[in-house]
Structure formats: C-alpha cells, structure tokens
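Engineer: Just one file: work26.txt, with compact mmCIF, C-alpha atoms and all ligand atoms.
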# COMPACT_ATOMS: atom_id res chain seq x y z
CA MET V 1 0.70 23.11 30.84
CA ASN V 2 -0.83 23.84 34.20
CA SER V 3 1.11 25.78 36.83
CA GLU V 4 0.45 22.93 39.32
CA THR V 5 2.97 20.63 37.63
CA PRO V 6 6.17 19.91 39.62
CA PRO V 7 9.57 20.73 38.04
CA ASP V 8 10.55 17.27 36.70
CA PRO V 9 7.30 15.32 36.54
CA LYS V 10 7.21 11.56 36.00
CA PHE V 11 5.04 9.86 33.35
CA GLU V 12 2.02 9.33 35.65
CA THR V 13 2.13 12.93 36.85
CA LEU V 14 2.34 14.31 33.32
CA ALA V 15 -0.60 12.11 32.36
CA VAL V 16 -2.93 13.67 34.90
CA ARG V 17 -1.45 17.16 35.32
CA THR V 18 -0.93 18.20 31.71
CA GLN V 19 -3.98 20.37 31.23
CA MET V 20 -4.93 23.53 29.41
CA SER V 21 -5.05 26.53 31.73
CA ARG V 22 -8.16 26.92 33.80
CA SER V 23 -10.87 29.32 32.61
CA HIS V 24 -12.60 31.94 34.75
CA HIS V 25 -15.09 29.18 35.71
CA ARG V 26 -12.33 27.53 37.80
CA GLU V 27 -13.20 24.04 36.45
CA HIS V 28 -11.12 21.11 37.78
CA SER V 29 -11.45 18.70 34.84
CA THR V 30 -10.73 19.97 31.32
CA PRO V 31 -13.86 21.29 29.58
CA LEU V 32 -14.81 20.49 26.00
CA PHE V 33 -14.48 23.17 23.32
CA MET V 34 -16.95 22.25 20.61
CA THR V 35 -16.31 25.23 18.37
CA SER V 36 -15.29 25.20 14.75
CA SER V 37 -13.66 28.64 14.86
CA PHE V 38 -12.25 31.28 17.19
CA VAL V 39 -12.75 35.03 17.20
CA PHE V 40 -10.03 37.66 16.91
CA ASP V 41 -9.67 40.52 19.38
CA ASP V 42 -8.74 42.90 16.56
CA ALA V 43 -7.39 43.08 13.02
CA GLU V 44 -3.78 43.07 14.18
CA GLN V 45 -4.26 39.86 16.19
CA ALA V 46 -5.91 38.18 13.20
CA ARG V 47 -2.97 39.15 10.99
CA ALA V 48 -0.40 37.97 13.54
CA LEU V 49 -2.18 34.62 14.04
CA PHE V 50 -2.33 33.95 10.29
CA ALA V 51 1.31 34.98 9.93
CA ASP V 52 2.24 32.42 12.64
CA GLU V 53 3.84 35.22 14.65
CA VAL V 54 1.85 34.38 17.79
CA PRO V 55 0.43 31.06 18.98
CA GLY V 56 -3.34 30.67 19.16
CA ASN V 57 -6.36 28.96 17.69
CA ILE V 58 -7.95 30.13 14.45
CA TYR V 59 -10.05 27.26 13.18
CA THR V 60 -10.49 23.71 14.53
CA ARG V 61 -9.18 22.11 11.32
CA PHE V 62 -5.80 23.70 12.29
CA SER V 63 -5.93 23.42 16.10
CA ASN V 64 -8.31 23.45 19.07
CA PRO V 65 -7.71 23.65 22.86
CA ASN V 66 -8.72 20.00 23.33
CA THR V 67 -6.51 18.64 20.56
CA ASN V 68 -3.69 20.90 21.77
CA GLU V 69 -3.91 19.44 25.27
CA LEU V 70 -3.87 15.89 23.92
CA VAL V 71 -0.89 16.65 21.67
CA ASP V 72 0.97 18.38 24.51
CA LYS V 73 0.47 15.28 26.64
CA ILE V 74 1.55 12.71 24.02
CA CYS V 75 4.64 14.78 23.17
CA GLN V 76 5.74 14.76 26.80
CA MET V 77 5.07 11.03 27.08
CA GLU V 78 6.98 10.27 23.86
CA LYS V 79 9.71 12.85 24.69
CA ALA V 80 8.95 14.45 21.33
CA GLU V 81 9.68 17.98 20.16
CA ASP V 82 6.32 18.34 18.44
CA GLY V 83 3.17 16.45 17.52
CA ILE V 84 -0.21 16.46 15.83
CA ALA V 85 -3.55 14.70 16.34
CA THR V 86 -5.51 13.15 13.47
CA ALA V 87 -8.92 11.55 13.00
CA SER V 88 -7.64 7.94 13.02
CA GLY V 89 -4.48 5.89 13.22
CA MET V 90 -4.62 5.38 9.46
CA SER V 91 -4.92 9.10 8.78
CA ALA V 92 -1.84 9.63 10.99
CA ILE V 93 0.13 7.04 9.00
CA PHE V 94 -1.15 8.25 5.62
CA THR V 95 -0.49 11.90 6.50
CA SER V 96 3.09 11.08 7.55
CA PHE V 97 3.61 9.37 4.17
CA MET V 98 2.02 12.06 2.02
CA ALA V 99 3.68 14.95 3.85
CA LEU V 100 7.19 13.53 3.76
CA LEU V 101 7.40 11.40 0.60
CA ARG V 102 7.74 12.65 -2.97
CA GLN V 103 7.30 11.06 -6.38
CA GLY V 104 10.25 8.73 -6.98
CA ASP V 105 10.90 8.05 -3.28
CA HIS V 106 11.31 4.56 -1.86
CA VAL V 107 10.10 3.19 1.48
CA ILE V 108 11.30 0.17 3.44
CA ALA V 109 8.61 -1.35 5.68
CA SER V 110 8.79 -4.22 8.13
CA ARG V 111 6.77 -7.13 6.78
CA SER V 112 3.43 -7.81 8.50
CA VAL V 113 2.44 -4.19 9.08
CA PHE V 114 -1.20 -3.39 9.92
CA GLY V 115 -3.60 -4.42 7.12
CA SER V 116 -4.56 -0.92 5.96
CA THR V 117 -0.89 0.18 6.03
CA HIS V 118 -0.19 -2.77 3.72
CA GLN V 119 -2.98 -1.53 1.42
CA ILE V 120 -1.52 2.01 1.35
CA LEU V 121 1.95 0.68 0.53
CA THR V 122 0.78 -1.74 -2.16
CA GLN V 123 -2.28 0.02 -3.67
CA ILE V 124 -2.12 3.76 -3.01
CA LEU V 125 1.51 4.96 -2.86
CA PRO V 126 2.39 3.37 -6.26
CA ARG V 127 -0.18 5.71 -7.89
CA TYR V 128 2.06 8.60 -6.83
CA GLY V 129 5.27 6.96 -8.01
CA ILE V 130 6.37 5.89 -4.51
CA SER V 131 7.78 2.38 -4.30
CA PHE V 132 8.47 0.14 -1.33
CA ASP V 133 10.14 -3.07 -0.22
CA TYR V 134 9.29 -5.27 2.71
CA ALA V 135 12.10 -6.13 5.10
CA ASP V 136 12.26 -9.47 6.86
CA ILE V 137 11.97 -9.03 10.65
CA ALA V 138 13.59 -12.41 11.35
CA ASN V 139 16.66 -11.46 9.32
CA PRO V 140 18.02 -8.00 10.27
CA ASP V 141 21.23 -8.60 8.29
CA SER V 142 19.17 -8.43 5.09
CA TRP V 143 17.95 -4.87 5.74
CA GLU V 144 21.05 -2.90 4.76
CA LYS V 145 20.98 -4.03 1.13
CA LEU V 146 17.37 -2.85 0.76
CA PHE V 147 18.46 0.79 1.05
CA LYS V 148 18.55 2.57 -2.32
CA PRO V 149 19.75 6.09 -3.16
CA ASN V 150 16.06 7.18 -3.23
CA THR V 151 15.07 5.50 0.06
CA ARG V 152 13.51 8.23 2.18
CA MET V 153 11.69 6.40 4.99
CA VAL V 154 11.75 3.20 7.01
CA PHE V 155 8.38 2.30 8.52
CA ILE V 156 8.11 -0.39 11.20
CA GLU V 157 5.94 -1.92 13.89
CA THR V 158 7.59 -3.53 16.90
CA PRO V 159 6.44 -5.91 18.28
CA SER V 160 4.93 -7.19 15.04
CA ASN V 161 1.25 -8.04 14.87
CA PRO V 162 0.24 -10.79 15.57
CA ALA V 163 3.50 -12.81 15.66
CA LEU V 164 5.04 -10.50 18.32
CA ASP V 165 8.54 -10.51 16.83
CA LEU V 166 10.72 -7.54 17.76
CA ILE V 167 12.90 -5.13 15.84
CA ASP V 168 15.95 -3.71 17.63
CA LEU V 169 15.17 0.01 17.75
CA GLU V 170 18.68 1.13 18.71
CA TRP V 171 20.25 -0.84 15.84
CA LEU V 172 17.72 0.43 13.31
CA GLY V 173 17.90 3.99 14.61
CA LYS V 174 21.66 4.00 13.98
CA LEU V 175 21.28 2.38 10.55
CA CYS V 176 18.69 4.96 9.46
CA LYS V 177 20.82 7.85 10.76
CA SER V 178 23.83 6.59 8.82
CA LYS V 179 21.70 6.47 5.65
CA ASN V 180 19.99 9.80 6.39
CA VAL V 181 16.58 8.12 6.19
CA ILE V 182 13.50 8.91 8.34
CA LEU V 183 12.64 6.17 10.85
CA ASN V 184 8.86 6.12 11.34
CA VAL V 185 7.56 3.76 14.08
CA ASP V 186 3.94 2.68 14.54
CA ASN V 187 4.02 2.52 18.36
CA CYS V 188 0.37 1.57 18.75
CA PHE V 189 0.97 -1.86 20.33
CA CYS V 190 3.17 -0.46 23.09
CA THR V 191 1.98 3.07 23.84
CA PRO V 192 4.64 5.47 25.19
CA TYR V 193 4.25 3.91 28.63
CA LEU V 194 5.99 0.75 27.37
CA GLN V 195 8.25 2.02 24.59
CA THR V 196 9.58 5.42 23.47
CA PRO V 197 11.08 4.90 19.99
CA LEU V 198 12.36 8.50 19.71
CA GLU V 199 14.84 7.78 22.52
CA TYR V 200 16.35 5.04 20.32
CA GLY V 201 16.80 7.25 17.29
CA ALA V 202 13.40 7.08 15.61
CA ASP V 203 12.22 10.33 14.01
CA LEU V 204 8.47 9.78 14.35
CA SER V 205 6.29 7.73 16.69
CA ILE V 206 2.76 7.15 15.41
CA HIS V 207 -0.33 5.92 17.21
CA SER V 208 -3.71 4.59 16.54
CA ALA V 209 -5.14 6.22 19.67
CA THR V 210 -8.16 3.97 19.05
CA LYS V 211 -6.37 1.10 20.80
CA PHE V 212 -4.68 1.19 24.23
CA LEU V 213 -4.51 5.00 24.40
CA ASP V 214 -8.30 5.19 24.58
CA GLY V 215 -8.35 1.69 26.00
CA GLN V 216 -12.10 1.50 26.37
CA GLY V 217 -13.20 1.00 22.79
CA ARG V 218 -14.95 4.36 22.44
CA THR V 219 -13.17 6.51 19.88
CA ILE V 220 -11.16 6.47 16.67
CA GLY V 221 -8.11 8.74 16.73
CA GLY V 222 -4.49 9.10 15.64
CA LEU V 223 -1.34 10.84 16.87
CA ILE V 224 2.07 11.65 15.44
CA ALA V 225 4.95 12.73 17.69
CA GLY V 226 8.51 13.44 16.65
CA ARG V 227 11.10 15.77 15.13
CA ARG V 228 10.11 19.43 14.89
CA ASP V 229 11.23 19.88 11.27
CA LEU V 230 9.24 16.83 10.11
CA LEU V 231 6.18 17.88 12.10
CA LYS V 232 6.32 21.27 10.40
CA GLU V 233 5.84 19.58 7.02
CA ILE V 234 3.21 17.22 8.44
CA ARG V 235 1.29 20.11 10.01
CA PHE V 236 1.28 22.00 6.70
CA TYR V 237 -0.06 18.94 4.89
CA ALA V 238 -2.68 18.21 7.58
CA ARG V 239 -3.82 21.82 7.91
CA HIS V 240 -4.64 22.00 4.22
CA SER V 241 -5.88 18.45 3.62
CA GLY V 242 -7.96 18.22 6.81
CA PRO V 243 -7.61 14.90 8.68
CA SER V 244 -8.19 16.73 11.99
CA LEU V 245 -9.29 14.95 15.15
CA SER V 246 -12.65 16.09 16.50
CA PRO V 247 -12.40 18.09 19.77
CA PHE V 248 -14.82 15.62 21.36
CA ASN V 249 -12.54 12.65 20.63
CA ALA V 250 -9.50 14.66 21.75
CA TRP V 251 -11.27 15.44 25.03
CA ILE V 252 -12.02 11.73 25.57
CA LEU V 253 -8.49 10.69 24.64
CA SER V 254 -6.80 13.23 26.90
CA LYS V 255 -8.83 11.88 29.80
CA SER V 256 -8.01 8.30 28.73
CA LEU V 257 -4.31 9.11 29.00
CA GLU V 258 -4.78 10.05 32.65
CA THR V 259 -5.21 6.31 33.39
CA LEU V 260 -2.81 4.93 30.76
CA ALA V 261 -0.07 3.88 33.19
CA VAL V 262 -2.37 2.01 35.57
CA ARG V 263 -4.25 0.36 32.72
CA MET V 264 -1.07 -0.75 30.93
CA GLU V 265 0.35 -2.16 34.18
CA ARG V 266 -2.71 -4.39 34.54
CA HIS V 267 -2.97 -5.29 30.83
CA CYS V 268 0.66 -6.42 30.93
CA GLN V 269 0.39 -8.23 34.26
CA ASN V 270 -2.67 -10.17 33.03
CA ALA V 271 -1.03 -10.87 29.66
CA LEU V 272 2.17 -12.23 31.22
CA GLU V 273 0.23 -14.40 33.62
CA LEU V 274 -1.98 -15.70 30.80
CA ALA V 275 1.06 -16.41 28.58
CA LYS V 276 2.76 -18.36 31.38
CA TYR V 277 -0.43 -20.30 32.01
CA LEU V 278 -0.92 -21.14 28.31
CA GLU V 279 2.62 -22.58 28.23
CA THR V 280 1.58 -25.16 30.84
CA LEU V 281 -1.44 -26.42 28.87
CA ASP V 282 -1.19 -29.58 26.73
CA ASP V 283 -3.75 -28.36 24.18
CA ILE V 284 -1.81 -25.15 23.41
CA GLU V 285 1.39 -24.71 21.44
CA VAL V 286 3.74 -21.90 20.34
CA VAL V 287 2.84 -19.27 22.89
CA LYS V 288 4.35 -15.90 21.91
CA TYR V 289 4.74 -13.03 24.36
CA PRO V 290 7.74 -10.66 24.48
CA PHE V 291 8.29 -10.97 28.24
CA LEU V 292 8.15 -14.79 28.30
CA PRO V 293 11.69 -16.11 28.89
CA SER V 294 11.00 -18.57 26.02
CA HIS V 295 10.56 -15.67 23.55
CA PRO V 296 13.60 -15.73 21.21
CA GLN V 297 14.08 -11.96 21.70
CA TYR V 298 13.39 -11.86 25.44
CA LYS V 299 16.59 -9.88 26.14
CA LEU V 300 15.80 -7.27 23.50
CA ALA V 301 12.23 -7.00 24.81
CA LYS V 302 13.54 -6.34 28.31
CA LYS V 303 15.86 -3.67 26.93
CA GLN V 304 13.47 -1.61 24.83
CA MET V 305 10.10 -2.28 26.47
CA ARG V 306 9.12 -1.47 30.05
CA LEU V 307 6.64 -4.40 30.13
CA GLY V 308 5.62 -7.08 27.63
CA GLY V 309 2.46 -5.47 26.26
CA GLY V 310 -1.19 -6.49 26.26
CA VAL V 311 -1.21 -9.00 23.41
CA VAL V 312 -0.52 -12.76 23.52
CA SER V 313 -0.51 -15.08 20.48
CA PHE V 314 -0.79 -18.87 20.53
CA GLN V 315 -2.05 -21.90 18.67
CA VAL V 316 -4.56 -24.45 19.78
CA LYS V 317 -3.36 -27.94 18.81
CA GLY V 318 -5.50 -29.36 16.02
CA GLY V 319 -4.94 -26.78 13.27
CA ILE V 320 -7.40 -24.34 11.80
CA SER V 321 -10.60 -26.32 12.50
CA ARG V 322 -9.79 -26.62 16.21
CA GLY V 323 -8.81 -22.94 16.27
CA ARG V 324 -12.20 -21.96 14.84
CA LYS V 325 -14.02 -24.26 17.28
CA PHE V 326 -12.03 -22.66 20.08
CA LEU V 327 -13.13 -19.16 18.97
CA ASN V 328 -16.74 -20.27 18.64
CA SER V 329 -16.62 -21.74 22.16
CA LEU V 330 -15.66 -18.44 23.78
CA GLU V 331 -18.35 -16.89 25.95
CA MET V 332 -16.85 -13.92 27.80
CA PHE V 333 -14.03 -12.87 25.46
CA SER V 334 -15.20 -10.61 22.65
CA HIS V 335 -14.68 -12.04 19.18
CA SER V 336 -13.56 -8.88 17.38
CA ALA V 337 -10.77 -7.64 15.12
CA ASN V 338 -9.90 -4.81 17.49
CA LEU V 339 -7.31 -4.72 20.27
CA GLY V 340 -6.34 -2.55 23.22
CA ASP V 341 -9.67 -2.61 25.04
CA SER V 342 -10.57 -3.10 28.70
CA ARG V 343 -12.44 -6.21 27.51
CA THR V 344 -10.39 -9.23 26.42
CA ILE V 345 -10.64 -9.76 22.66
CA ALA V 346 -9.80 -12.89 20.66
CA THR V 347 -9.02 -12.68 16.94
CA HIS V 348 -8.21 -15.19 14.21
CA PRO V 349 -5.71 -13.13 12.14
CA ALA V 350 -5.54 -15.47 9.11
CA SER V 351 -9.24 -15.01 8.29
CA THR V 352 -9.65 -11.38 9.42
CA THR V 353 -6.92 -8.77 10.01
CA HIS V 354 -4.37 -10.47 7.74
CA SER V 355 -6.73 -12.05 5.21
CA LYS V 356 -5.43 -9.69 2.47
CA LEU V 357 -2.05 -11.46 2.55
CA SER V 358 -1.52 -14.70 0.67
CA GLU V 359 -1.05 -17.91 2.65
CA ALA V 360 2.68 -17.82 1.84
CA GLU V 361 2.97 -14.18 2.93
CA ARG V 362 1.22 -15.02 6.18
CA LEU V 363 3.50 -17.97 6.90
CA ALA V 364 6.54 -15.78 6.17
CA VAL V 365 5.51 -13.51 9.05
CA GLY V 366 4.60 -16.27 11.49
CA ILE V 367 0.84 -16.30 11.01
CA GLU V 368 0.02 -20.01 11.11
CA PRO V 369 -3.52 -20.90 9.99
CA GLY V 370 -4.56 -21.76 13.56
CA LEU V 371 -2.91 -18.77 15.27
CA ILE V 372 -5.10 -16.93 17.76
CA ARG V 373 -4.34 -13.42 19.02
CA VAL V 374 -5.66 -12.35 22.38
CA SER V 375 -5.69 -8.70 23.44
CA VAL V 376 -5.78 -9.22 27.16
CA GLY V 377 -8.22 -6.98 28.99
CA LEU V 378 -8.72 -5.78 32.53
CA GLU V 379 -11.00 -8.58 33.76
CA HIS V 380 -9.71 -10.61 36.72
CA ILE V 381 -6.99 -13.02 35.59
CA ASP V 382 -8.83 -16.00 37.14
CA ASP V 383 -11.83 -15.34 34.91
CA ILE V 384 -9.56 -14.99 31.88
CA LYS V 385 -7.90 -18.35 32.63
CA ASN V 386 -11.28 -20.00 33.27
CA GLU V 387 -12.52 -18.82 29.89
CA ILE V 388 -9.49 -20.42 28.19
CA ASP V 389 -10.02 -23.70 30.08
CA MET V 390 -13.69 -23.75 29.14
CA ALA V 391 -13.01 -23.10 25.43
CA ILE V 392 -10.30 -25.76 25.33
CA VAL V 393 -12.67 -28.39 26.70
CA LYS V 394 -15.60 -27.36 24.49
CA SER V 395 -13.46 -27.27 21.33
CA ARG V 396 -12.24 -30.86 21.87
CA SER V 397 -15.52 -32.40 20.79
C1 LIG I 401 -5.58 -0.21 14.50
C2 LIG I 401 -4.21 0.01 14.03
C3 LIG I 401 -3.95 1.01 13.08
C4 LIG I 401 -5.05 1.84 12.44
O1 LIG I 401 -5.66 2.68 13.36
P1 LIG I 401 -7.16 3.26 13.17
O2 LIG I 401 -7.30 4.15 14.36
O3 LIG I 401 -8.08 2.09 13.16
O4 LIG I 401 -7.17 3.99 11.89
C5 LIG I 401 -2.64 1.20 12.70
N1 LIG I 401 -1.63 0.45 13.20
C6 LIG I 401 -1.85 -0.51 14.11
C7 LIG I 401 -0.71 -1.31 14.64
C8 LIG I 401 -3.14 -0.77 14.57
O5 LIG I 401 -3.36 -1.74 15.45
Could you render the structure as structure tokens?
Ligand SMILES: *Cc1c(COP(=O)(O)O)cnc(C)c1O
Structural biologist:
Amino acid sequence: MNSETPPDPKFETLAVRTQMSRSHHREHSTPLFMTSSFVFDDAEQARALFADEVPGNIYTRFSNPNTNELVDKICQMEKAEDGIATASGMSAIFTSFMALLRQGDHVIASRSVFGSTHQILTQILPRYGISFDYADIANPDSWEKLFKPNTRMVFIETPSNPALDLIDLEWLGKLCKSKNVILNVDNCFCTPYLQTPLEYGADLSIHSATKFLDGQGRTIGGLIAGRRDLLKEIRFYARHSGPSLSPFNAWILSKSLETLAVRMERHCQNALELAKYLETLDDIEVVKYPFLPSHPQYKLAKKQMRLGGGVVSFQVKGGISRGRKFLNSLEMFSHSANLGDSRTIATHPASTTHSKLSEAERLAVGIEPGLIRVSVGLEHIDDIKNEIDMAIVKSRS
C-alpha cells in the first residue's frame, strides 16, 4: 500500500488510496503492467522467488502488480487475511471447490444459487465423487440434519437471487464452526461495502467482480478473499491450473473499486425508493427488497447489511403473459440477464437465469412465473419510476 494512507483508513479511503508504489515516473493513477513475465536481477533472486522466500512477481499466471493491487484492496474491504483474483466469478467459485474439496466430500448449498453454480454442483462435481444437498433458505431449522461426517463445505448466497431471501450469517457461521466445515459465501449481490461475511464467521467471501464491483458492465472477473490457510491451497491450485485474471481487467477493476462506495449508496437509494413506489401501485404485487419494512427478514437485513442492495423483485398482476408484455414494453431499461450495472436492467428469471430449474424447483425458491428482477441503476429515480409507469400502462392492453 501507498505511504499516503492514514493509520486507520475507512472503507472509502482504502478504496482510493490502496495503490501499488509509485514508479520513477511519479504517476498519480496506477499504470497498467501488460507483461506476461518478470526478469530476475540475478540467479540468487530467481532461486529465492521460486522458493517463496521473498515476495515478488515471476509470471502473470501467478501474480502481477495490477492483480496484486486489486487483491490487496478487496482483502482490506472484506477484512480478509488473504485473497486471489480470477478470470470470472465462476472460475473463482470453481477454483474454491476444486482446491478445497476431495473425492468423497459433501457440500451443502443454499437452494437457488447462481445458474452456473447449480450446474457445477449437479453436473460437474459428481464426476469427481463430490456430492451435495440443497438447504432450504426458508427453513433454517432443517439445515443441521443435512450435515454428514464427510460434509466439508457450506456454500451460500445471501440475499438469494432473485427472491431476495436472507440467510443469517452469524447463525450459520457458528453452526459451521461447530461442525468444522468451511463456510463459503458468494457475496456478489452485496459487495463488501454492504456486507462482510468474514466478520460473521464465514471462511471465504467470493465475488463475481463482473457485477457491482466493476459496476459499468465492462469486464468479467472474479475474486476470493478469506482465511490464509485456505487461500494457500487455492493459490496452489490456481497457480498450476491457470484461471488468472488479465492485468488489464485487474487495472479496470481496481479503478472501479475507487467509486464502489458512492455507486452502491446511489444504487441502494434508488432501489429502496423504487421498491417503496412499487408497493403503492395497484398493478404490482409481492415487492421484495431487504430494506422494505414489509420484508419478512427486515430486522436481519438491517443487522447484517449496511444498505438493502441494488436489486428489487416484484410481480406484475396478470401472471406470466402480463409479465412478458411488461418486459416488452420497456424502453429505457435494458432487457438483459446481467445485474450490477450503472444502467437499470430488467430480467425475467423463470425464462432466463433460472430456466435450468424445473417449475417446481423454481416455485420452491420463490420464483413465480411472472416474477421480474430489476437491477436498479444510477439513472435519476424519477426516470426509473416513469419507465415503470409507462410499461404498466402499455402492458395493460
Ligand atoms: C454473475 C454471477 C456469478 C458468475 O460470475 P461471472 O463473472 O459471470 O462468472 C456468480 N454468482 C453470482 C451471484 C452472480 O450474479
């Protein structure tokens, strides 16, 4: 970190002041190091670097100044001992599984995880003799009996996507500790500005940096932050299997993090105001947003999240056909499967992100056929509300 950082910096200060040391060019903003390898001063330095006796870059598959800066920053934000950057959110999740799980191990995952995570659990891990069970988010009392002698990891997302149900991190952190099981949290929906799972007893916090961390829809990237001993195994696996983040994407993402706090404040302010507005409309039902007092887990949300997040889910009255008409009526909102962008995005989860689940599986996790998920962007809230009003009227006919 830079020598300009004050002794006990706050989140916003870390975000802008965590930088690699300045070069002899005296640049203000971090430069980009597009180099695949690094040269050694002498044979002794080369030996010491390979023996891990001194820190330093050898080859960009292992580390690079730009990825190091990004990892340094996310570790401070997540209050993590160690971290690693990967080429995508999925490679971060997959690498955490492959590095820490062995043949015969068992995983417990919260139901309604991200689509590709579901595919890894159901289609890929079984090939290596790793089994899993889904745990019911609505019924925490049922979790304890899912633990088996070979359970090695619990993997969750909170809030869940797109139903926005919460898991009590403190409760689960204690349960996993008592069972000596790794708690692995996909923290992509919240970012460390809103939620720091490691402080509640999680062992790893994983990100798709593609979403709010970049926040402008430019790059794919992943991050893992957490316990030093686990990161040691993850780093070994990543170094030799190669899911490294490109220095260019790391450079973009480190700069994105400089504005994370201000962006998340506005995403959350717009989302809360939109959620409250939707609750007043006759054509809309079942509005879900963690910081709405009507959310069944409002108190828990207030405890473990700084703000309610950038995603709101709701249904347009009139079932799936009205929902589709509503989506087709949108003009400004982007119709996309992504989230966490400066532009507001509307998604129909049942036919896109969660189409790989059966209808019954979807209903079990609160995905009604007409459910619409909105990732609320940074446009002016009046324009966001106007767009909703317009689509409601157009979808009536
Ligand atoms: C997008 C997403 C991922 C996957 O991230 P990629 O960067 O697209 O690989 C994982 N988890 C959640 C919750 C996501 O939204």
Engineer: Measuring atom to atom with all atoms listed in the file, identify which of V:Ser334, V:Thr122, V:Ser116, V:Thr151 is nearest to ligand LIG 401 (chain I).
Structural biologist: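 Closest residue, counting all atoms listed in the file: V:Ser116.
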Engineer: Check every protein, DNA and RNA residue against ligand LIG 401 (chain I), keep those with an atom at most 8 Å away (counting all atoms listed in the file), and present them as a list in words.
Structural biologist: Ala87, Ser88, Gly89, Met90, Ser91, Ala92, Ile93, Val113, Phe114, Gly115, Ser116, Thr117, Glu157, Asn161, Asp186, Asn187, Cys188, Phe189, His207, Ser208, Ala209, Thr210, Lys211, Ile220, Gly221, Gly222, Asn338 and Leu339 of chain V
Engineer: When you count all atoms listed in the file, which of these residues is closest to V:Phe50: V:Phe62, V:Gly226, V:Leu101, V:His380?
Structural biologist: V:Phe62
Engineer: Using all atoms listed in the file, which of V:Ala163, V:Ala85, V:Ala138, V:Ile120 sits nearest V:Pro243?
Structural biologist: V:Ala85
Engineer: Looking at V:Ser29, V:Ser329, V:Thr344, V:Ser160, which one is nearest to V:Asp383, with distances taken over only C-alpha atoms?
Structural biologist: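 The answer is V:Thr344, which sits nearest to V:Asp383.
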Engineer: Rounded to one decimal, what separation in Å do you get between atom CA of V:Gln103 and atom CA of V:Ala225?
Structural biologist: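 Going from atom CA of V:Gln103 over to atom CA of V:Ala225 covers 24.2 Å.
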Engineer: Name the residues in contact with V:Ala238 at a cut-off of 9 Å, using only C-alpha atoms, excluding same-chain residues fewer than 3 positions from it; report them as a PyMOL selection string.
Structural biologist: chain V and resi 61-62+84+86+95+99+233-235+241-244
Engineer: Which residues, written as a list of chain:residue names, have at least one atom at most 9 Å from V:Val107, with all atoms listed in the file counted and residues fewer than 5 positions away on the same chain left out?
Structural biologist: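 Once the adjacent positions are removed, what remains is V:Leu101, V:Leu121, V:Ile130, V:Ser131, V:Phe132, V:Asp133, V:Tyr134, V:Phe147, V:Asn150, V:Thr151, V:Arg152, V:Met153, V:Val154, V:Phe155.
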